[in-house]
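Asks: Below are the C-alpha cells for one structure; questions will follow.
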Amino acid sequence: MAKKQVYDHGKIEKKWQKKWETSKIYKTDDKTLKLGQKKFYVLDMFPYPSGEGLHVGHPKGYIATDVVSRMKRMSGFKVLHPMGWDAFGLPAEQFAIKNKTNPMIGVKKTVARFKKQVSIIGLDYDWDREINTTDPKYYKWTQWTFLKMLEAGLAYESHEPINWCPSCKTGLANEDVEDGKCERCGTPVEKKPLRQWVIKITKYADRLLNDLEALEWPEPIKDAQRNWIGRSEGAEVTFKTNTGVDISVFTTRVDTLFGVTYVVVAPESKLIAEFGNNIKNQKDVAEFIKNTSKISDIERTAADKPKNGLKLEGVVAINPANNEEVPVFIADYVLANYGTGAVMVVPAHDTRDYAFAKKYNLPIREVIIPERVDLRNPPRKGKETVERQNIHAIVKNKKGEFLCLKWNKFNWLTFPMGGVEKGEDVVEAARREVAEETGYKNLKLVKVLGGQVRAEYFAAHKDQNRTAFTTAVLFDLIDDEQGEITDENDCDVLWLSKEKVTTENMTHAEMDIWLKRLVDMNDMSFVDDGVLINSAKFTSLKSEEARGKIAKAYGKLVTKYKLRDWVFSRQRYWGEPIPVIHCAKCGVVPVPYKDLPVVLPKVKSYEPTGTGESPLANILSWVNVKCPKCKGPGKRETNTMPQWAGSSWYYLRYMDPKNDKALVDPKKEAFWSPVDFYVGGAEHAARHLIYARFWHKFLQDIGVVKYSEPFKKLQNVGLIMGEDGRKMSKRYGNVVNPDTIVETYGADTLRLYEMFMGPFDQEITWKTDNIIGVRRFLERVWRMHERVVDDKKTNAKKGVAKKDAPGLENATEILFNQTIKKVTDDINTLGFNTAISQMMILVNQLEKSEAIPKSVYLTLIKLLAPFAPHATEELWMLLGQKGSVHTSGWPEYDSKKLVLNTITVMVQVNGRVRDQFSAELGISKEEMEKLALDSKYIQDNFAGKTPARVIVVPNKIVNLVY
RNA sequence: GCCGGAGUGGUGGAAUGGUAGACACGCACGACUCAAAAUCGUGUCUCGCAAGGGGUGAGGGUUCAAGUCCCUCCUCCGGCACCA
C-alpha cells in the first residue's frame, strides 16, 4: 500500500503550516450564520506580548484550546478560535523610555516574535480576526464604552486618597495592590490624594455575586470572587455626640450593642474635621493623623498589627441603646473606606477591639455568653425553673491532677461547685465551696476562666430546672491542709489526671468550654454567637434573634461590600486616552462620539512626571482644544485608562473585528455569545474576570450584548514549573524554550507531551527526559502505516463478513470502540492525559497484529489529529485520503461494542480478592454465586461452609462474607 | 486567622464506593548487532525462597467492600486578610 516514509517532523510540520496558511482551512466563515447552528467559541486569555519571548509553560493553554477547537470542528461545529494582543501597559512603556522610541514600534516587534513562536506549534487560530488593544480602531470602542458609562453616571471624578505607586508613578486600583505592594514592581504603595476617574463597579456588586452561581467555573475561582466582592449584612447605628455631629457606625454584630465601651473613628475620616474645636487635644490628634498617613499600608497592616489609637478629648458619644456616654478614639485599625469609617467597639466580643482595649486599658463589658443545654440532665417538663449564679472551682495540684467530686446519689462527676451568695464575688464563692465540699483551705488563684456560660439542666439534688450562669475559677493547690467537710451531700473527693477530665466523664454541660479555656488561657474575647446578658429587654435572646430586634430598635439593616469602586485613571502615557475635555465654563464635557477615537499622540518623552499628571499634559497642541459644547478653550483629560480596560471586552471584538459602525454586530454577537470555553491562568480571578463580567453586564444594560455573562465555562491552566521545581524564569536560569523542543522533537511531540504530562489544571514540573515517551508513541503510530491493508483483505483473512468491518479480533474491536468513546469524552472534560494514554493502549494492542485494517488506522489518525495535527495530516495524505484530516468527520463508536462478551469475575472473601473466574456477560446473580462457591480458593479454604452473607455485583464481583 | 485545593511506587501520574499503581519516564535483564544507538521482548509497590502478608500523609468511623464517603489531626500549595 503506502510506501515507506521516514517521520521527518521538521519537514512535515513546515510543509503543512504553509499549506494551511494558504488554504485558510481554519478561517471562520461567518457569512452564513444561522441561529440554532451548532457553534463553539473557544478562547484563550490573550497574552501581553513582552520582549522576553515564550517558555514552554505559555503555550500549554493554547494547545488545550487548540485540541478542543479541532475536535469540535471535526464534529461539525462552527468554531471560533481567535487570538490577539493585550498590548497597552507598563512593560511596553518602559521599553519606550529606555529606547526613546514610540511603544507602538516595540509592540510591533514583540507581537511579531510572539506570533512566530506560537505559529510553529501549529495552532489553528483564524489570524484574519487578530486584534490589538492598542490599535485606535480597537480602542475607539473602549473609549466609546467609557462615554456610555459616563452617560449612565457610572464614571465619576474623585479626589479621595488612592493607592499610589511611587516607582511606577501612577495610581492603582485596589485590585492592583498585593500585600500593600504594587503588583507590578513590588514597591510599597502610598496613599495619595489625587484627582482620578473612578467607575462605580460597586453598583453591580450584587449581580456580580449572584450570577456566579450559574457559571461552570472552577469553584475556587468563584470563591475568590465571592471573597473579593465580600458581601456582608449588618446594621448601621447612629451614635449622637456632644458636638452635635453624629457618628454612624456599621456592624455585623449589632447584638453586642449593649457591650459598647467606646467608639473609634478612622484617622482619615471627615468626622475629625467636623468635630472641630470640640476636640481638646487638637495638636496630638493632628500629629497622630500625620504619623498614620506617613506609614505605608504595608506597615499599617504588618504581621502582628499593633493597634495604635488616641482618645479625642472633649468628644463623647451616646450609645442609643442605653444612653450611656462613651469616649471616642481615632485608631489606625479602622479603615475610612469601608462601612462608615467608624466602628462601635465591643472588646468583649471582637478580638481586635479586645487587643485595643487591653493596650489602652479600656473597660470590657460582656454581653454575649455561650450557652449549653445539658443533654444528660435536660430540663424536665413541669418542674420549676430557677435562675442561678454558679461557680465551678477548678483546682489543680502539683501533680497536675484536678480536684473532683463523685456524687454517689446521682452518678455525677463534677468539680466543686455551687451558687454565688449575696455579697460574694466569684472567687470567694469558689474558695468557700471548695472548703465546704472538700475541706481544702489553701488555694492560690490562677485566674477566672473567662466569662459566664449559660446552661440549662435539671438539678436532681434540688428537684428543679436550673438556668445557670456559671463562672469557672482556676486555682493551684498550695498544700494538703484540709479542714472539716461541712457539705451534707454524699460525695467522694477524688484527684483525677488530666486525661480523665473529659467532656464524656464530667457531668458539666459547660465542660467543652472549660477545656478550651484551659488550653488557650490568653484569648478571652468570645466572638461567636450566643445568648445575650446585660442587654435590658433583649437579655436572654439568642444572638441571631437579637440582631434583628436591636437593629430595628436603634438602627437599620444594611448590606456592605468589600468591593471598592474601580480606580480607572493611570497617570501614564501608554494607555487609552480618557475621552473627555475639561472646560472652565462647562466642566467635564465628553468628546462627541463622532470624534472618537481620541488617538494617543506621539510624544518625545514617555517618562512619567510623578506630579499626578501623565506625560500627555506636556503636549500642548494635543491638550488644548475647543470645548465641544461652548467652543471656548478646553483641555483634554490627560489620564489614561488602566490595562484592564481593553481586556474587559476583547472577546466580543473577535466576533466582528473590523466593524467600524459598532462595537460588535448584534447578529454576530447573538450567534457567538457566550464564550463556550475560556482558558487562562488562575491569577486573573479577582481582576480581569471581575472587570470583564462587569463590563459585559453594563453592555447588556445598554443593549449591546444579549446575555448577562461573557464566559460560560472557565478552565484554569496549571503552571509548568522548571525542572528545579521553581517557576520558570530567567532569574533562575531554568527556562525551557519551546523553539528548541520543536526543533529537536517536533511541534506534535511538544503538544502531545504538554497534554500528557498530567491533569491539565494542575501545576506540574517540566521534565525534558520524559518527552521521549510521547515521541516514541508518535513514531509507532507513524511506522504502523506500513502495515495498513484494505479492510476487505483483513476481513477475508479472518473470514468475517464485510459488514462486520473493521475486521478486528473481538477484544481489539472492543478496545477500538472504547478508545473512540474515551478520547471523545476526555477531550470534552479536558482529560487530555487519559485520552492520550487510551490511544497508547490501543496502539500497543494493534502493534501485536501483522496487518491493520485501513478504516481502523484512519480512525486512529482522526482521534490523534487534534493533538498531533501535522503528522496525522501527512499520514492522511500518505494513505491517499482526499482533503484534510482536520476537516474530516469525527469518529463515532458502536455503543454495542464497548464491553467484552467474556468477563472476569473476582471472588472476594470479606472484601479481599482471593480468586477469579471467567463467565459470559449477563450471567445471572445466582450463577455467579454458584461459580464463586465452586472456585478453587473457596473449595480449598471454605469447603462445606455457608457464607454468612453474599454480595453479588453483576458482571464484576462476588463477595463472600464468612 | 478565614476560605479553597492537594497528599498514591524511584519519577509524572491512573482508578462511576467494587482486581490500587492504567499509561509513560527511569532502571534491570534478554533479543537483534562485530559493537553501539535505535527498536522489540520480559520484569519492576513492599516484606517473603515460597505459601502468604502488608500497603494510597496519621488516627478513628460508616460499609459486605474505602485512595474514593464522614470525623479529628499533620504537611504542602493557592486565595483573602485590621472589611468591624
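How things are named: the first chain in the C-alpha cells is A, the next is B, and so on; residues count from 1 in each chain; ligands count from 1 in the order shown.
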Check which residues of chain B sit at most 8 Å from chain A using only C-alpha atoms (C1' of nucleotides), and return one row each with the closest pair of atoms and their distance in Å to one decimal, ordered by chain and rising number, as JSON lines.
Replies:
```
{"residue": "B:C3", "atom": "C1'", "partner": "A:Asp223", "partner_atom": "CA", "distance": 7.6}
{"residue": "B:G4", "atom": "C1'", "partner": "A:Pro220", "partner_atom": "CA", "distance": 5.5}
{"residue": "B:G5", "atom": "C1'", "partner": "A:Pro220", "partner_atom": "CA", "distance": 7.8}
{"residue": "B:G12", "atom": "C1'", "partner": "A:Met757", "partner_atom": "CA", "distance": 6.4}
{"residue": "B:G13", "atom": "C1'", "partner": "A:Gly758", "partner_atom": "CA", "distance": 6.2}
{"residue": "B:A14", "atom": "C1'", "partner": "A:Thr834", "partner_atom": "CA", "distance": 7.8}
{"residue": "B:G18", "atom": "C1'", "partner": "A:Ile957", "partner_atom": "CA", "distance": 6.7}
{"residue": "B:U19", "atom": "C1'", "partner": "A:Met906", "partner_atom": "CA", "distance": 6.8}
{"residue": "B:C23", "atom": "C1'", "partner": "A:Ser837", "partner_atom": "CA", "distance": 4.7}
{"residue": "B:A24", "atom": "C1'", "partner": "A:Gly773", "partner_atom": "CA", "distance": 6.0}
{"residue": "B:C25", "atom": "C1'", "partner": "A:Asn770", "partner_atom": "CA", "distance": 5.0}
{"residue": "B:C64", "atom": "C1'", "partner": "A:Ile951", "partner_atom": "CA", "distance": 6.2}
{"residue": "B:A65", "atom": "C1'", "partner": "A:Gly911", "partner_atom": "CA", "distance": 4.8}
{"residue": "B:G79", "atom": "C1'", "partner": "A:Ala224", "partner_atom": "CA", "distance": 6.1}
{"residue": "B:C80", "atom": "C1'", "partner": "A:Asn227", "partner_atom": "CA", "distance": 6.7}
{"residue": "B:C82", "atom": "C1'", "partner": "A:Tyr333", "partner_atom": "CA", "distance": 4.9}
{"residue": "B:C83", "atom": "C1'", "partner": "A:Lys562", "partner_atom": "CA", "distance": 5.9}
{"residue": "B:A84", "atom": "C1'", "partner": "A:Thr251", "partner_atom": "CA", "distance": 5.6}
```
Asks: Could the residues in this selection be saved with N, CA, C and O atoms (P, O5', C5', C4', C3', O3' and C1' of nucleotides) as a CSV table (one decimal), in the first residue's frame?
Replies:
```
chain,number,residue,atom,x,y,z
B,3,C,P,-13.2,28.8,57.6
B,3,C,O5',-13.2,29.0,56.0
B,3,C,C5',-14.2,29.8,55.3
B,3,C,C4',-13.8,30.0,53.9
B,3,C,C3',-13.4,28.7,53.2
B,3,C,O3',-14.6,27.9,52.9
B,3,C,C1',-11.8,30.4,52.6
B,4,G,P,-14.3,26.4,52.5
B,4,G,O5',-14.0,26.5,51.0
B,4,G,C5',-13.2,25.5,50.4
B,4,G,C4',-12.5,26.0,49.2
B,4,G,C3',-11.6,24.9,48.6
B,4,G,O3',-12.4,24.1,47.7
B,4,G,C1',-10.3,26.9,48.9
B,5,G,P,-12.4,22.6,48.1
B,5,G,O5',-11.1,22.0,47.4
B,5,G,C5',-10.8,22.5,46.0
B,5,G,C4',-9.3,22.3,45.8
B,5,G,C3',-8.7,20.9,46.2
B,5,G,O3',-9.1,19.9,45.3
B,5,G,C1',-7.3,22.7,46.8
B,12,G,P,6.6,12.7,41.3
B,12,G,O5',6.0,12.8,39.8
B,12,G,C5',6.4,13.9,39.0
B,12,G,C4',5.7,13.8,37.7
B,12,G,C3',4.2,13.7,37.8
B,12,G,O3',3.5,14.9,38.2
B,12,G,C1',5.0,12.2,36.2
B,13,G,P,2.2,14.9,38.9
B,13,G,O5',1.2,14.2,37.9
B,13,G,C5',0.1,13.5,38.2
B,13,G,C4',-0.2,12.4,37.2
B,13,G,C3',-1.4,11.5,37.4
B,13,G,O3',-2.5,12.1,36.7
B,13,G,C1',0.6,10.2,37.2
B,14,A,P,-3.9,11.9,37.1
B,14,A,O5',-4.2,10.3,36.9
B,14,A,C5',-4.2,9.8,35.6
B,14,A,C4',-4.7,8.4,35.5
B,14,A,C3',-5.9,8.1,36.3
B,14,A,O3',-7.0,8.5,35.5
B,14,A,C1',-4.4,6.3,36.5
B,18,G,P,-15.8,2.0,42.7
B,18,G,O5',-15.5,0.4,43.0
B,18,G,C5',-14.4,0.0,43.8
B,18,G,C4',-14.3,-1.5,43.7
B,18,G,C3',-14.3,-2.0,42.3
B,18,G,O3',-13.5,-3.1,42.2
B,18,G,C1',-16.1,-3.0,43.6
B,19,U,P,-12.0,-2.9,41.7
B,19,U,O5',-11.5,-4.4,41.6
B,19,U,C5',-11.4,-5.1,42.8
B,19,U,C4',-10.1,-5.9,42.8
B,19,U,C3',-8.9,-5.0,42.7
B,19,U,O3',-7.8,-5.5,43.5
B,19,U,C1',-8.9,-6.5,40.9
B,23,C,P,-0.5,-0.4,30.9
B,23,C,O5',-0.3,1.1,30.4
B,23,C,C5',-1.1,1.6,29.4
B,23,C,C4',-0.8,3.1,29.2
B,23,C,C3',0.7,3.4,29.1
B,23,C,O3',1.2,3.2,27.8
B,23,C,C1',-0.3,4.9,30.6
B,24,A,P,2.7,2.7,27.6
B,24,A,O5',3.5,4.0,28.2
B,24,A,C5',3.8,5.1,27.4
B,24,A,C4',4.4,6.2,28.3
B,24,A,C3',5.8,5.9,28.8
B,24,A,O3',6.8,6.1,27.7
B,24,A,C1',4.5,6.9,30.5
B,25,C,P,8.2,5.4,27.9
B,25,C,O5',8.9,6.2,29.0
B,25,C,C5',9.3,7.6,28.7
B,25,C,C4',9.9,8.2,29.9
B,25,C,C3',11.1,7.5,30.5
B,25,C,O3',12.3,7.9,29.8
B,25,C,C1',9.7,8.0,32.3
B,64,C,P,-22.7,-3.9,56.0
B,64,C,O5',-21.5,-4.8,55.4
B,64,C,C5',-21.1,-6.0,55.9
B,64,C,C4',-20.2,-6.7,54.9
B,64,C,C3',-19.0,-5.8,54.4
B,64,C,O3',-17.9,-5.8,55.2
B,64,C,C1',-20.1,-6.9,52.6
B,65,A,P,-17.2,-4.4,55.5
B,65,A,O5',-16.6,-4.1,54.0
B,65,A,C5',-15.5,-4.9,53.6
B,65,A,C4',-15.2,-4.5,52.2
B,65,A,C3',-14.8,-3.0,52.0
B,65,A,O3',-13.5,-2.8,52.4
B,65,A,C1',-16.3,-3.7,50.3
B,79,G,P,-1.7,33.3,45.5
B,79,G,O5',-3.2,33.6,45.9
B,79,G,C5',-4.2,33.7,44.9
B,79,G,C4',-5.6,33.8,45.6
B,79,G,C3',-5.7,35.0,46.6
B,79,G,O3',-6.0,36.2,46.0
B,79,G,C1',-6.6,33.0,47.5
B,80,C,P,-5.4,37.5,46.6
B,80,C,O5',-6.3,37.7,47.9
B,80,C,C5',-7.7,38.0,47.8
B,80,C,C4',-8.4,37.9,49.1
B,80,C,C3',-7.8,38.8,50.2
B,80,C,O3',-8.1,40.2,50.0
B,80,C,C1',-8.2,36.7,51.1
B,82,C,P,-6.1,43.7,56.2
B,82,C,O5',-6.7,43.9,57.7
B,82,C,C5',-7.0,42.8,58.5
B,82,C,C4',-7.7,43.3,59.7
B,82,C,C3',-8.8,44.4,59.4
B,82,C,O3',-9.9,44.1,60.2
B,82,C,C1',-7.3,45.2,61.0
B,83,C,P,-10.9,42.9,59.8
B,83,C,O5',-11.9,43.6,58.8
B,83,C,C5',-12.9,44.5,59.2
B,83,C,C4',-14.0,44.6,58.2
B,83,C,C3',-14.4,43.3,57.6
B,83,C,O3',-15.7,43.3,57.3
B,83,C,C1',-13.5,44.6,55.9
B,84,A,P,-16.8,42.4,58.0
B,84,A,O5',-16.8,42.8,59.5
B,84,A,C5',-17.7,43.7,60.0
B,84,A,C4',-17.3,44.2,61.4
B,84,A,C3',-18.2,45.3,61.9
B,84,A,O3',-19.4,44.8,62.5
B,84,A,C1',-16.0,45.9,62.1
```
Asks: Can you check which residues of segment 324-415 of chain A DSSP gives as strand (DSSP E or B) on the backbone and send them as a ChimeraX atom specification?
Replies: /A:324-331,342-345,368-369,371-373,385-396,402-407,412-414
Asks: Would you mind listing what lies within 6 Å of segment 22-28 of chain A as an mmCIF file with C-alpha atoms, in the first residue's frame, with only C-alpha atoms (C1' of nucleotides) counted and same-chain residues fewer than 2 positions away left out?
Replies:
```cif
data_model
loop_
_atom_site.group_PDB
_atom_site.id
_atom_site.type_symbol
_atom_site.label_atom_id
_atom_site.label_comp_id
_atom_site.auth_asym_id
_atom_site.auth_seq_id
_atom_site.Cartn_x
_atom_site.Cartn_y
_atom_site.Cartn_z
ATOM 1 C CA LYS A 19 -0.329 24.792 3.247
ATOM 2 C CA TRP A 20 -2.862 25.534 5.962
ATOM 3 C CA ASP A 124 -5.436 26.705 14.325
ATOM 4 C CA ASP A 126 -8.090 32.367 12.451
#
```
Asks: Excluding Asn322 of chain A and residues on its chain fewer than 2 positions from it, collect all residues at most 12 Å away from it, counting only C-alpha atoms (C1' of nucleotides), and give them as a list in words.
Replies: Phe239, Leu257, Phe258, Gly259, Val260, Thr261, Ala317, Ile318, Asn319, Pro320, Glu324, Glu325, Val326, Asn534, Ser535, Ala536, Lys537, Phe538, Ile550, Ala553 and Tyr554 of chain A
Asks: Let's see if you can do this: from backbone DSSP, list all alpha helix (DSSP H) residues in segment 611-655 of chain A, as a compact mmCIF listing (two decimals) with C-alpha atoms, in the first residue's frame.
Replies:
```txt
# COMPACT_ATOMS: atom_id res chain seq x y z
CA LEU A 620 0.02 71.42 24.50
CA SER A 621 -1.02 71.04 20.87
CA TRP A 622 -2.91 67.93 21.83
CA VAL A 623 -4.16 69.09 25.20
CA TYR A 650 -11.90 41.88 23.64
CA TYR A 651 -13.74 38.57 23.34
CA LEU A 652 -16.64 40.49 21.77
CA ARG A 653 -14.47 42.11 19.14
```
Asks: Tell me, as a list of chain:residue names, which residues lie within 12 Å of Gly382 of chain A, counting only C-alpha atoms (C1' of nucleotides); anything in the same chain fewer than 4 positions away does not count.
Replies: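 Using only C-alpha atoms (C1' of nucleotides), the neighbours found are A:Phe458, A:Asp463, A:Gln464, A:Asn465.
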Asks: What's the separation between atom CA of Val42 of chain A and atom CA of Val675 of chain A, in Å to one decimal place?
Replies: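 Going from atom CA of Val42 of chain A over to atom CA of Val675 of chain A covers 6.3 Å.
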Asks: As a ChimeraX atom specification, please: the residues near segment 475-490 of chain A (cut-off 9 Å, only C-alpha atoms (C1' of nucleotides), same-chain neighbours under 2 positions excluded).
Replies: /A:393-398,406-409,433,435-448,461,473,492
Asks: Which is closer to Glu401 of chain A than all the others in A:Leu496, A:Ser605, A:Asp374, A:Val6, using only C-alpha atoms?
Replies: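 Distance minimum relative to Glu401 of chain A lands on A:Leu496.
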